[in-house]
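Listing of work_38.cif, mmCIF, C-alpha atoms
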```
data_work
loop_
_atom_site.group_PDB
_atom_site.id
_atom_site.type_symbol
_atom_site.label_atom_id
_atom_site.label_comp_id
_atom_site.auth_asym_id
_atom_site.auth_seq_id
_atom_site.Cartn_x
_atom_site.Cartn_y
_atom_site.Cartn_z
ATOM 1 C CA MET C 433 -21.566 13.127 -10.888
ATOM 2 C CA ASN C 434 -22.842 10.644 -8.344
ATOM 3 C CA ASN C 435 -20.366 7.847 -7.648
ATOM 4 C CA ASP C 436 -23.186 5.308 -7.933
ATOM 5 C CA ILE C 437 -23.541 6.122 -11.637
ATOM 6 C CA ILE C 438 -19.836 5.488 -12.180
ATOM 7 C CA LEU C 439 -19.902 2.251 -10.191
ATOM 8 C CA LYS C 440 -22.976 1.084 -12.138
ATOM 9 C CA ALA C 441 -21.139 1.667 -15.425
ATOM 10 C CA ILE C 442 -18.238 -0.416 -14.114
ATOM 11 C CA GLU C 443 -20.571 -3.152 -12.894
ATOM 12 C CA ASP C 444 -22.302 -3.273 -16.297
ATOM 13 C CA GLY C 445 -18.985 -3.521 -18.120
ATOM 14 C CA ASN C 446 -19.364 -0.072 -19.698
ATOM 15 C CA GLU C 447 -16.319 1.518 -18.136
ATOM 16 C CA ARG C 448 -14.402 1.781 -21.421
ATOM 17 C CA GLY C 449 -17.247 3.612 -23.141
ATOM 18 C CA PHE C 450 -17.652 5.767 -20.058
ATOM 19 C CA LEU C 451 -13.975 6.697 -20.166
ATOM 20 C CA ASP C 452 -14.166 7.402 -23.910
ATOM 21 C CA LYS C 453 -16.906 9.959 -23.225
ATOM 22 C CA LEU C 454 -14.734 11.592 -20.584
ATOM 23 C CA ARG C 455 -11.996 12.080 -23.161
ATOM 24 C CA ASN C 456 -14.312 14.549 -24.920
ATOM 25 C CA TYR C 457 -14.101 16.876 -21.924
ATOM 26 C CA PRO C 458 -12.027 20.005 -22.642
ATOM 27 C CA ILE C 459 -8.936 20.002 -20.435
ATOM 28 C CA ASP C 460 -7.547 23.456 -21.121
ATOM 29 C CA ASP C 461 -8.726 25.146 -17.952
ATOM 30 C CA PHE C 462 -8.936 24.228 -14.260
ATOM 31 C CA ASN C 463 -12.645 24.985 -14.117
ATOM 32 C CA ASN C 464 -15.590 23.227 -12.473
ATOM 33 C CA GLN C 465 -16.005 20.823 -15.381
ATOM 34 C CA LEU C 466 -12.391 19.729 -15.145
ATOM 35 C CA LYS C 467 -12.629 19.391 -11.366
ATOM 36 C CA ASN C 468 -15.594 17.061 -11.855
ATOM 37 C CA LEU C 469 -13.556 15.124 -14.413
ATOM 38 C CA LEU C 470 -10.806 14.606 -11.842
ATOM 39 C CA LYS C 471 -13.330 13.360 -9.286
ATOM 40 C CA ILE C 472 -14.749 10.843 -11.770
ATOM 41 C CA LEU C 473 -11.288 9.623 -12.750
ATOM 42 C CA LEU C 474 -10.379 9.093 -9.102
ATOM 43 C CA VAL C 475 -13.277 6.649 -8.790
ATOM 44 C CA LEU C 476 -12.365 4.862 -12.018
ATOM 45 C CA ILE C 477 -8.707 4.559 -11.025
ATOM 46 C CA GLU C 478 -9.530 2.534 -7.912
ATOM 47 C CA LYS C 479 -12.723 0.748 -8.918
ATOM 48 C CA SER C 480 -12.303 0.042 -12.627
ATOM 49 C CA LYS C 481 -11.324 -3.452 -13.747
ATOM 50 C CA ASP C 482 -8.802 -1.714 -16.006
ATOM 51 C CA HIS C 483 -6.855 0.589 -13.696
ATOM 52 C CA ILE C 484 -4.256 1.561 -16.280
ATOM 53 C CA SER C 485 -6.451 3.463 -18.767
ATOM 54 C CA PRO C 486 -7.941 5.889 -16.214
ATOM 55 C CA GLN C 487 -4.486 6.284 -14.641
ATOM 56 C CA GLN C 488 -3.027 7.249 -18.016
ATOM 57 C CA TYR C 489 -5.774 9.752 -18.733
ATOM 58 C CA PHE C 490 -5.496 11.221 -15.232
ATOM 59 C CA TYR C 491 -1.760 11.711 -15.834
ATOM 60 C CA LYS C 492 -2.449 13.416 -19.168
ATOM 61 C CA VAL C 493 -4.980 15.767 -17.583
ATOM 62 C CA ILE C 494 -2.631 16.749 -14.747
ATOM 63 C CA VAL C 495 0.263 17.490 -17.095
ATOM 64 C CA LYS C 496 -2.060 19.586 -19.269
ATOM 65 C CA ILE C 497 -3.345 21.783 -16.442
ATOM 66 C CA LEU C 498 -0.140 21.809 -14.405
ATOM 67 C CA PRO C 499 1.039 25.291 -15.509
ATOM 68 C CA GLN C 500 -2.203 26.806 -14.300
ATOM 69 C CA ILE C 501 -2.514 25.066 -10.949
ATOM 70 C CA VAL C 502 1.106 25.592 -9.898
ATOM 71 C CA SER C 503 1.158 29.248 -10.944
ATOM 72 C CA GLU C 504 -1.309 30.109 -8.166
ATOM 73 C CA LYS C 505 -0.976 28.686 -4.665
ATOM 74 C CA ALA C 506 -4.734 28.860 -4.137
ATOM 75 C CA LEU C 507 -5.333 26.626 -7.168
ATOM 76 C CA GLU C 508 -2.578 24.249 -6.099
ATOM 77 C CA LYS C 509 -4.165 23.960 -2.663
ATOM 78 C CA GLU C 510 -7.583 23.344 -4.218
ATOM 79 C CA PHE C 511 -6.166 20.642 -6.487
ATOM 80 C CA VAL C 512 -4.560 18.837 -3.543
ATOM 81 C CA SER C 513 -7.835 19.045 -1.603
ATOM 82 C CA ILE C 514 -9.757 17.530 -4.516
ATOM 83 C CA ILE C 515 -7.384 14.559 -4.650
ATOM 84 C CA LYS C 516 -7.321 13.981 -0.896
ATOM 85 C CA GLU C 517 -11.075 14.361 -0.408
ATOM 86 C CA ASN C 518 -12.279 12.411 -3.445
ATOM 87 C CA SER C 519 -9.841 9.516 -3.701
ATOM 88 C CA ILE C 520 -11.307 6.089 -3.085
ATOM 89 C CA PRO C 521 -9.925 3.543 -0.604
ATOM 90 C CA ASN C 522 -7.691 1.610 -0.637
ATOM 91 C CA TYR C 523 -5.842 4.363 -2.560
ATOM 92 C CA VAL C 524 -3.188 2.026 -3.998
ATOM 93 C CA TYR C 525 -3.759 2.747 -7.699
ATOM 94 C CA THR C 526 -4.185 6.461 -7.048
ATOM 95 C CA SER C 527 -0.928 6.561 -5.105
ATOM 96 C CA GLN C 528 0.768 4.761 -8.007
ATOM 97 C CA ILE C 529 -0.118 7.514 -10.461
ATOM 98 C CA ILE C 530 0.869 10.182 -7.926
ATOM 99 C CA ARG C 531 4.201 8.367 -7.621
ATOM 100 C CA GLN C 532 4.535 8.423 -11.407
ATOM 101 C CA LEU C 533 3.990 12.185 -11.443
ATOM 102 C CA ILE C 534 6.608 12.661 -8.714
ATOM 103 C CA ILE C 535 9.172 10.623 -10.649
ATOM 104 C CA ALA C 536 8.359 12.524 -13.858
ATOM 105 C CA ILE C 537 9.150 15.763 -12.031
ATOM 106 C CA ILE C 538 12.397 14.299 -10.668
ATOM 107 C CA ASP C 539 13.367 13.144 -14.171
ATOM 108 C CA HIS C 540 12.450 16.541 -15.687
ATOM 109 C CA GLU C 541 9.971 14.811 -17.983
ATOM 110 C CA ILE C 542 7.543 17.581 -17.101
ATOM 111 C CA ASP C 543 9.460 20.298 -18.925
ATOM 112 C CA VAL C 544 9.094 23.760 -17.394
ATOM 113 C CA SER C 545 10.591 25.362 -20.506
ATOM 114 C CA LYS C 546 7.413 24.504 -22.429
ATOM 115 C CA TYR C 547 5.188 26.514 -20.113
ATOM 116 C CA ARG C 548 3.808 29.740 -21.437
ATOM 117 C CA GLU C 549 5.281 33.162 -20.720
ATOM 118 C CA GLY C 550 7.545 31.931 -17.946
ATOM 119 C CA LEU C 551 4.680 31.829 -15.455
ATOM 120 C CA VAL C 552 5.976 28.628 -13.891
ATOM 121 C CA THR C 553 9.475 28.173 -12.506
ATOM 122 C CA PHE C 554 11.210 24.976 -11.537
ATOM 123 C CA GLU C 555 10.811 26.037 -7.901
ATOM 124 C CA ASP C 556 7.047 26.033 -8.460
ATOM 125 C CA ILE C 557 7.289 22.493 -9.820
ATOM 126 C CA LYS C 558 9.388 21.388 -6.832
ATOM 127 C CA SER C 559 6.778 22.843 -4.492
ATOM 128 C CA PHE C 560 4.089 20.940 -6.359
ATOM 129 C CA LYS C 561 6.148 17.754 -6.035
ATOM 130 C CA HIS C 562 6.118 18.114 -2.259
ATOM 131 C CA GLU C 563 2.349 18.578 -2.342
ATOM 132 C CA LEU C 564 2.083 15.319 -4.290
ATOM 133 C CA ILE C 565 4.246 13.605 -1.680
ATOM 134 C CA SER C 566 1.921 14.907 1.033
ATOM 135 C CA ILE C 567 -0.996 13.238 -0.758
ATOM 136 C CA ASN C 568 0.644 9.815 -0.677
ATOM 137 C CA VAL C 569 1.725 10.243 2.940
ATOM 138 C CA SER C 570 -1.851 11.146 3.871
ATOM 139 C CA PHE C 571 -3.092 7.979 2.129
ATOM 140 C CA LEU C 572 -0.601 5.970 4.190
ATOM 141 C CA GLU C 573 -1.755 7.590 7.432
ATOM 142 C CA ILE C 574 -5.418 6.933 6.643
ATOM 143 C CA ALA C 575 -4.710 3.320 5.695
ATOM 144 C CA ILE C 576 -2.892 2.618 8.951
ATOM 145 C CA TYR C 577 -5.489 4.422 11.064
ATOM 146 C CA ASN C 578 -8.317 2.450 9.457
ATOM 147 C CA GLY C 579 -6.577 -0.914 9.663
ATOM 148 C CA PHE C 580 -6.152 -1.592 5.950
ATOM 149 C CA ASN C 581 -4.436 -4.861 5.091
ATOM 150 C CA HIS C 582 -0.657 -4.922 5.332
ATOM 151 C CA ASP C 583 -0.048 -5.324 1.598
ATOM 152 C CA ASP C 584 -1.994 -2.151 0.793
ATOM 153 C CA ILE C 585 -0.230 -0.246 3.568
ATOM 154 C CA THR C 586 3.124 -1.437 2.234
ATOM 155 C CA TRP C 587 2.350 -0.350 -1.336
ATOM 156 C CA LEU C 588 1.247 3.075 -0.119
ATOM 157 C CA PHE C 589 4.535 3.320 1.768
ATOM 158 C CA TYR C 590 6.572 2.250 -1.269
ATOM 159 C CA ASN C 591 4.763 4.821 -3.417
ATOM 160 C CA SER C 592 5.811 7.678 -1.108
ATOM 161 C CA VAL C 593 8.853 8.514 -3.221
ATOM 162 C CA ILE C 594 10.750 11.759 -2.697
ATOM 163 C CA ASN C 595 13.855 11.278 -4.840
ATOM 164 C CA LEU C 596 15.933 8.970 -7.028
ATOM 165 C CA GLU C 597 19.644 8.536 -6.421
ATOM 166 C CA ARG C 598 22.384 6.899 -8.484
ATOM 167 C CA GLU C 599 21.233 3.862 -10.462
ATOM 168 C CA ARG C 600 17.673 5.033 -9.791
ATOM 169 C CA LYS C 601 17.714 4.000 -6.159
ATOM 170 C CA ILE C 602 14.371 5.037 -4.695
ATOM 171 C CA ILE C 603 14.422 7.344 -1.679
ATOM 172 C CA LEU C 604 11.242 7.426 0.370
ATOM 173 C CA ALA C 605 9.863 10.530 2.042
ATOM 174 C CA PRO C 606 11.023 10.968 5.664
ATOM 175 C CA GLU C 607 7.427 11.684 6.682
ATOM 176 C CA ALA C 608 6.320 8.331 5.251
ATOM 177 C CA ILE C 609 9.187 6.519 6.964
ATOM 178 C CA GLU C 610 8.223 8.033 10.311
ATOM 179 C CA VAL C 611 4.586 6.985 9.860
ATOM 180 C CA PHE C 612 5.595 3.462 8.822
ATOM 181 C CA ARG C 613 7.977 3.092 11.768
ATOM 182 C CA LYS C 614 5.188 3.864 14.224
ATOM 183 C CA TYR C 615 3.029 1.290 12.459
ATOM 184 C CA LEU C 616 5.763 -1.351 12.744
ATOM 185 C CA LEU C 617 6.245 -0.667 16.443
ATOM 186 C CA LYS C 618 2.590 -1.481 17.073
ATOM 187 C CA ASP C 619 2.085 -4.245 14.515
ATOM 188 C CA PRO C 620 5.330 -5.839 13.260
ATOM 189 C CA GLU C 621 4.094 -9.352 12.487
ATOM 190 C CA ASP C 622 3.080 -8.997 8.830
ATOM 191 C CA TYR C 623 6.253 -7.079 8.043
ATOM 192 C CA LEU C 624 8.316 -9.871 9.598
ATOM 193 C CA LYS C 625 6.398 -12.511 7.643
ATOM 194 C CA GLY C 626 7.238 -10.776 4.373
ATOM 195 C CA PHE C 627 10.782 -9.672 5.207
ATOM 196 C CA ILE C 628 12.551 -12.587 3.464
ATOM 197 C CA ARG C 629 11.688 -12.719 -0.234
ATOM 198 C CA PRO C 630 13.082 -14.168 -3.480
ATOM 199 C CA LEU C 631 15.508 -11.981 -5.416
ATOM 200 C CA TYR C 632 13.736 -13.030 -8.618
ATOM 201 C CA SER C 633 9.971 -12.940 -8.219
ATOM 202 C CA GLY C 634 9.149 -14.984 -11.298
ATOM 203 C CA GLY C 635 10.255 -16.355 -14.622
ATOM 204 C CA ILE C 636 13.083 -18.487 -13.304
ATOM 205 C CA ASN C 637 13.180 -22.273 -13.252
ATOM 206 C CA LYS C 638 13.708 -23.881 -9.865
ATOM 207 C CA ASN C 639 16.419 -26.072 -11.387
ATOM 208 C CA PHE C 640 18.658 -22.987 -11.472
ATOM 209 C CA PRO C 641 20.537 -22.126 -8.248
ATOM 210 C CA GLU C 642 19.400 -18.495 -8.568
ATOM 211 C CA TYR C 643 15.865 -19.684 -7.885
ATOM 212 C CA PHE C 644 16.755 -19.911 -4.197
ATOM 213 C CA LEU C 645 18.367 -16.476 -3.913
ATOM 214 C CA HIS C 646 16.529 -14.493 -1.256
ATOM 215 C CA VAL C 647 16.844 -10.861 -0.186
ATOM 216 C CA ALA C 648 15.674 -8.667 2.645
ATOM 217 C CA GLU C 649 12.735 -6.273 2.382
ATOM 218 C CA PRO C 650 14.051 -3.584 -0.001
ATOM 219 C CA PHE C 651 13.640 -0.480 2.178
ATOM 220 C CA HIS C 652 14.838 -1.848 5.516
ATOM 221 C CA ALA C 653 17.968 0.339 5.411
ATOM 222 C CA GLN C 654 15.807 3.470 5.178
ATOM 223 C CA ILE C 655 13.285 2.314 7.771
ATOM 224 C CA PHE C 656 15.783 1.292 10.422
ATOM 225 C CA ASP C 657 18.180 4.018 11.467
ATOM 226 C CA ASP C 658 20.765 3.128 14.090
ATOM 227 C CA ASN C 659 20.327 6.543 15.704
ATOM 228 C CA ASP C 660 16.533 6.722 15.853
ATOM 229 C CA PHE C 661 15.120 3.246 15.284
ATOM 230 C CA SER C 662 17.613 0.407 14.898
ATOM 231 C CA ILE C 663 16.643 -2.954 13.499
ATOM 232 C CA THR C 664 17.932 -4.565 16.702
ATOM 233 C CA ASP C 665 15.453 -2.484 18.691
ATOM 234 C CA PHE C 666 12.762 -3.537 16.219
ATOM 235 C CA PHE C 667 13.475 -7.225 16.837
ATOM 236 C CA LYS C 668 13.458 -6.700 20.614
ATOM 237 C CA ASN C 669 10.175 -4.830 20.408
ATOM 238 C CA ALA C 670 8.582 -7.594 18.305
ATOM 239 C CA LYS C 671 9.589 -10.236 20.839
ATOM 240 C CA GLY C 672 8.181 -8.067 23.611
ATOM 241 C CA LEU C 673 4.828 -7.979 21.818
ATOM 242 C CA GLY C 674 4.623 -11.756 21.876
ATOM 243 C CA ILE C 675 5.248 -12.314 18.162
ATOM 244 C CA ASP C 676 6.229 -15.899 17.290
ATOM 245 C CA GLU C 677 9.809 -16.156 18.529
ATOM 246 C CA ASN C 678 10.822 -18.495 15.715
ATOM 247 C CA LEU C 679 9.641 -15.941 13.158
ATOM 248 C CA VAL C 680 11.566 -13.083 14.768
ATOM 249 C CA ASN C 681 14.692 -15.214 15.197
ATOM 250 C CA ASP C 682 14.536 -16.380 11.570
ATOM 251 C CA VAL C 683 14.368 -12.826 10.269
ATOM 252 C CA GLU C 684 17.025 -11.598 12.678
ATOM 253 C CA SER C 685 19.421 -14.402 11.710
ATOM 254 C CA PHE C 686 18.730 -13.886 8.017
ATOM 255 C CA TYR C 687 19.281 -10.143 8.291
ATOM 256 C CA PHE C 688 22.676 -10.375 9.968
ATOM 257 C CA LYS C 689 23.855 -12.939 7.423
ATOM 258 C CA VAL C 690 22.502 -11.124 4.408
ATOM 259 C CA ILE C 691 24.009 -7.706 5.153
ATOM 260 C CA ASP C 692 27.493 -9.160 4.669
ATOM 261 C CA LYS C 693 26.760 -10.660 1.267
ATOM 262 C CA LYS C 694 26.200 -9.246 -2.193
ATOM 263 C CA SER C 695 25.004 -10.898 -5.353
ATOM 264 C CA ILE C 696 26.623 -10.198 -8.713
ATOM 265 C CA ASP C 697 24.242 -7.336 -9.510
ATOM 266 C CA GLY C 698 24.906 -5.638 -6.178
ATOM 267 C CA ASN C 699 21.757 -6.694 -4.375
ATOM 268 C CA LYS C 700 22.145 -8.017 -0.880
ATOM 269 C CA SER C 701 21.273 -11.688 -1.093
ATOM 270 C CA LEU C 702 21.507 -15.024 0.598
ATOM 271 C CA LEU C 703 21.421 -18.372 -1.146
ATOM 272 C CA LEU C 704 19.139 -20.765 0.671
ATOM 273 C CA SER C 705 19.473 -24.422 -0.239
ATOM 274 C CA ASP C 706 16.449 -26.555 -0.997
ATOM 275 C CA ASN C 707 16.318 -27.857 2.559
ATOM 276 C CA GLY C 708 16.094 -24.357 4.022
ATOM 277 C CA SER C 709 19.626 -24.296 5.384
ATOM 278 C CA TYR C 710 22.626 -22.209 4.412
ATOM 279 C CA GLU C 711 25.725 -21.630 6.513
ATOM 280 C CA GLY C 712 23.908 -22.799 9.600
ATOM 281 C CA LEU C 713 20.725 -20.809 8.983
ATOM 282 C CA VAL C 714 17.607 -22.950 9.241
ATOM 283 C CA LEU C 715 14.210 -21.291 8.995
ATOM 284 C CA LYS C 716 12.128 -22.645 11.858
ATOM 285 C CA SER C 717 8.946 -20.627 11.473
ATOM 286 C CA THR C 718 6.181 -21.625 9.078
ATOM 287 C CA GLY C 719 4.953 -18.031 8.977
ATOM 288 C CA HIS C 720 7.130 -16.713 6.138
ATOM 289 C CA ARG C 721 4.847 -15.568 3.314
ATOM 290 C CA ASN C 722 7.236 -14.948 0.440
ATOM 291 C CA ILE C 723 9.975 -17.569 0.538
ATOM 292 C CA ARG C 724 10.096 -20.330 -2.035
ATOM 293 C CA PRO C 725 7.660 -23.088 -1.042
ATOM 294 C CA GLU C 726 10.461 -25.658 -1.214
ATOM 295 C CA LEU C 727 12.086 -23.939 1.772
ATOM 296 C CA THR C 728 9.143 -24.338 4.124
ATOM 297 C CA ASN C 729 9.302 -27.093 6.695
#
```

C-alpha cells encoding of this file:
Amino acid sequence: MNNDIILKAIEDGNERGFLDKLRNYPIDDFNNQLKNLLKILLVLIEKSKDHISPQQYFYKVIVKILPQIVSEKALEKEFVSIIKENSIPNYVYTSQIIRQLIIAIIDHEIDVSKYREGLVTFEDIKSFKHELISINVSFLEIAIYNGFNHDDITWLFYNSVINLERERKIILAPEAIEVFRKYLLKDPEDYLKGFIRPLYSGGINKNFPEYFLHVAEPFHAQIFDDNDFSITDFFKNAKGLGIDENLVNDVESFYFKVIDKKSIDGNKSLLLSDNGSYEGLVLKSTGHRNIRPELTN
C-alpha cells in the first residue's frame, strides 16, 4: 500500500478505523499479505497521533509469527530487512516497540515451550534478540549520520537494550555505546546541557526538599569507560572543541561531587539548594536544559 494513502487516513482522522480494518488481516503465516501489514504498521507507529495502538498490534503480530520467522534464518533475515527498510524516521516509536520485544525475550515472556513441535529453541530466540538489537543500533547510526535532533538520538540510544541486571538495571548494547561515544566526541554540547537532571521528573511539590534532588545522566557509567573513553577525557575534548567553558566546568564539578553521594533509594544524587549552590558548587552556565528553573541564574 502506498504510504500516501496511510498518511491521508491519519490526516483525515481516520487512523483508528484504518487500524481496525488491519486487525481483520490473518496473521497466521509470514506471507506477502502479512509483510504488507508490517509495512503499514511501521508507518502508523511513527506517524499516527496515537502511537500506542499500532505499537501494541505490531507486538501482537510479531509474537504470533515469531515461531515461523526464527525457525528459518532466511525468513529471519527477510523480517529484519523489512523493518530496517520500511521504518519511518525519526524511528523513536519503532525503536520503543523493538525494545519492548527485546525485554520480553529477556524476561521469558515470549515462551518457547508454547511453540509447536519443538521447531524453535531458546538459542533461536536469543539469535533473534540480537537481530532486534541490530535494528535499533542501525536506527541510531542513521539518526546520527543524518543529524537528527539530540533528543531523538538519545532515545534511540536508550532503546538499544541488550540485557537487564539485578533490580532491572538496563544494560545497553556495546555496539550502541560505541556509536554514541563517537557522536559525543564530535558533538558533546547537547549531552552536556542535559547531563544534570532532576531525580524526580514530575509530581513533586517544590516545597519539598526532594524537589531539588538532581542526578547525572543515567547511562554515563556505561558510556564512559576509564580504559577506553574516560569521562575526564570527554571533558577535555569538549573544552578543546570550544564548548562553553562554564557549561563543561559545571558538569565536571557536578559529576565529581555526585559520584560520592547516594540517595536513600540508591540513586546517585546531589541536593542543590534553591540558590543553585551546594557544598561550594555553583552552576555558572545558563545552558542547562533540565535543571529546576529555580536553580538558573

- Task: Please evaluate the PyMOL selection byres ((chain C and resi 681) around 12) against the structure above and give the resulting residues as a list in words.
- Result: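 Listing what the PyMOL selection byres ((chain C and resi 681) around 12) selects in the shown file: Leu624, Lys625, Thr664, Phe666, Phe667, Lys668, Ala670, Lys671, Ile675, Asp676, Glu677, Asn678, Leu679, Val680, Asp682, Val683, Glu684, Ser685, Phe686, Tyr687, Phe688, Leu713, Val714, Leu715, Lys716, Ser717, Gly719 and His720 of chain C.
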
For the residues in that selection, give me C-alpha atoms as a compact mmCIF listing (two decimals), keeping the file's coordinate frame.
```txt
# COMPACT_ATOMS: atom_id res chain seq x y z
CA LEU C 624 8.32 -9.87 9.60
CA LYS C 625 6.40 -12.51 7.64
CA THR C 664 17.93 -4.57 16.70
CA PHE C 666 12.76 -3.54 16.22
CA PHE C 667 13.48 -7.22 16.84
CA LYS C 668 13.46 -6.70 20.61
CA ALA C 670 8.58 -7.59 18.30
CA LYS C 671 9.59 -10.24 20.84
CA ILE C 675 5.25 -12.31 18.16
CA ASP C 676 6.23 -15.90 17.29
CA GLU C 677 9.81 -16.16 18.53
CA ASN C 678 10.82 -18.50 15.72
CA LEU C 679 9.64 -15.94 13.16
CA VAL C 680 11.57 -13.08 14.77
CA ASP C 682 14.54 -16.38 11.57
CA VAL C 683 14.37 -12.83 10.27
CA GLU C 684 17.02 -11.60 12.68
CA SER C 685 19.42 -14.40 11.71
CA PHE C 686 18.73 -13.89 8.02
CA TYR C 687 19.28 -10.14 8.29
CA PHE C 688 22.68 -10.38 9.97
CA LEU C 713 20.72 -20.81 8.98
CA VAL C 714 17.61 -22.95 9.24
CA LEU C 715 14.21 -21.29 8.99
CA LYS C 716 12.13 -22.64 11.86
CA SER C 717 8.95 -20.63 11.47
CA GLY C 719 4.95 -18.03 8.98
CA HIS C 720 7.13 -16.71 6.14
```

- Nearest to Glu610 in chain C among C:Glu573, C:Phe511, C:His582, C:Tyr632, with distances taken over all atoms listed in the file: which residue is it? C:Glu573

- Message: Counting all atoms listed in the file, which residue out of C:Phe554, C:Tyr643, C:Phe612, C:Phe651 sits closest to Ile574 in chain C?
- Response: C:Phe612

- Shell of 9 Å around range 493-495 of chain C, only C-alpha atoms, local chain residues under 2 positions omitted, as a PyMOL selection string: chain C and resi 459-460+466+470+488-491+497-499+533+542

- Task: Mind checking which residues fall within 8 Å of Ile472 in chain C, counting all atoms listed in the file, ignoring those fewer than 3 positions away in the same chain, and posting them as a PyMOL selection string?
- Result: chain C and resi 433+435+438+468-469+475-476

- Message: For a quick check of understanding, using all atoms listed in the file, which of C:Tyr623, C:Phe656, C:Tyr577, C:Phe571 has the smallest distance to Tyr525 in chain C?
- Response: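 Distance minimum relative to Tyr525 in chain C lands on C:Phe571.
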
- For Asn669 in chain C, the nearest of the candidates C:Ile655, C:Leu616, C:Ala648, C:Leu474, counting all atoms listed in the file: C:Leu616

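For the choices C:Ala575, C:Ala506, C:Asn595, C:Arg455, the atom-to-atom distance to Asp539 in chain C is smallest for C:Asn595 when using all atoms listed in the file.
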
- Could you jot down the CA of Asn568 in chain C to CA of Ser592 in chain C separation for me, Å, one decimal place?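 About the pair CA of Asn568 in chain C and CA of Ser592 in chain C: they are 5.6 Å apart.
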
- Item | Point-to-point distance in Å for CA of Gln532 in chain C and CA of Ile603 in chain C |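 CA of Gln532 in chain C lies at a distance of 13.9 Å from CA of Ile603 in chain C.
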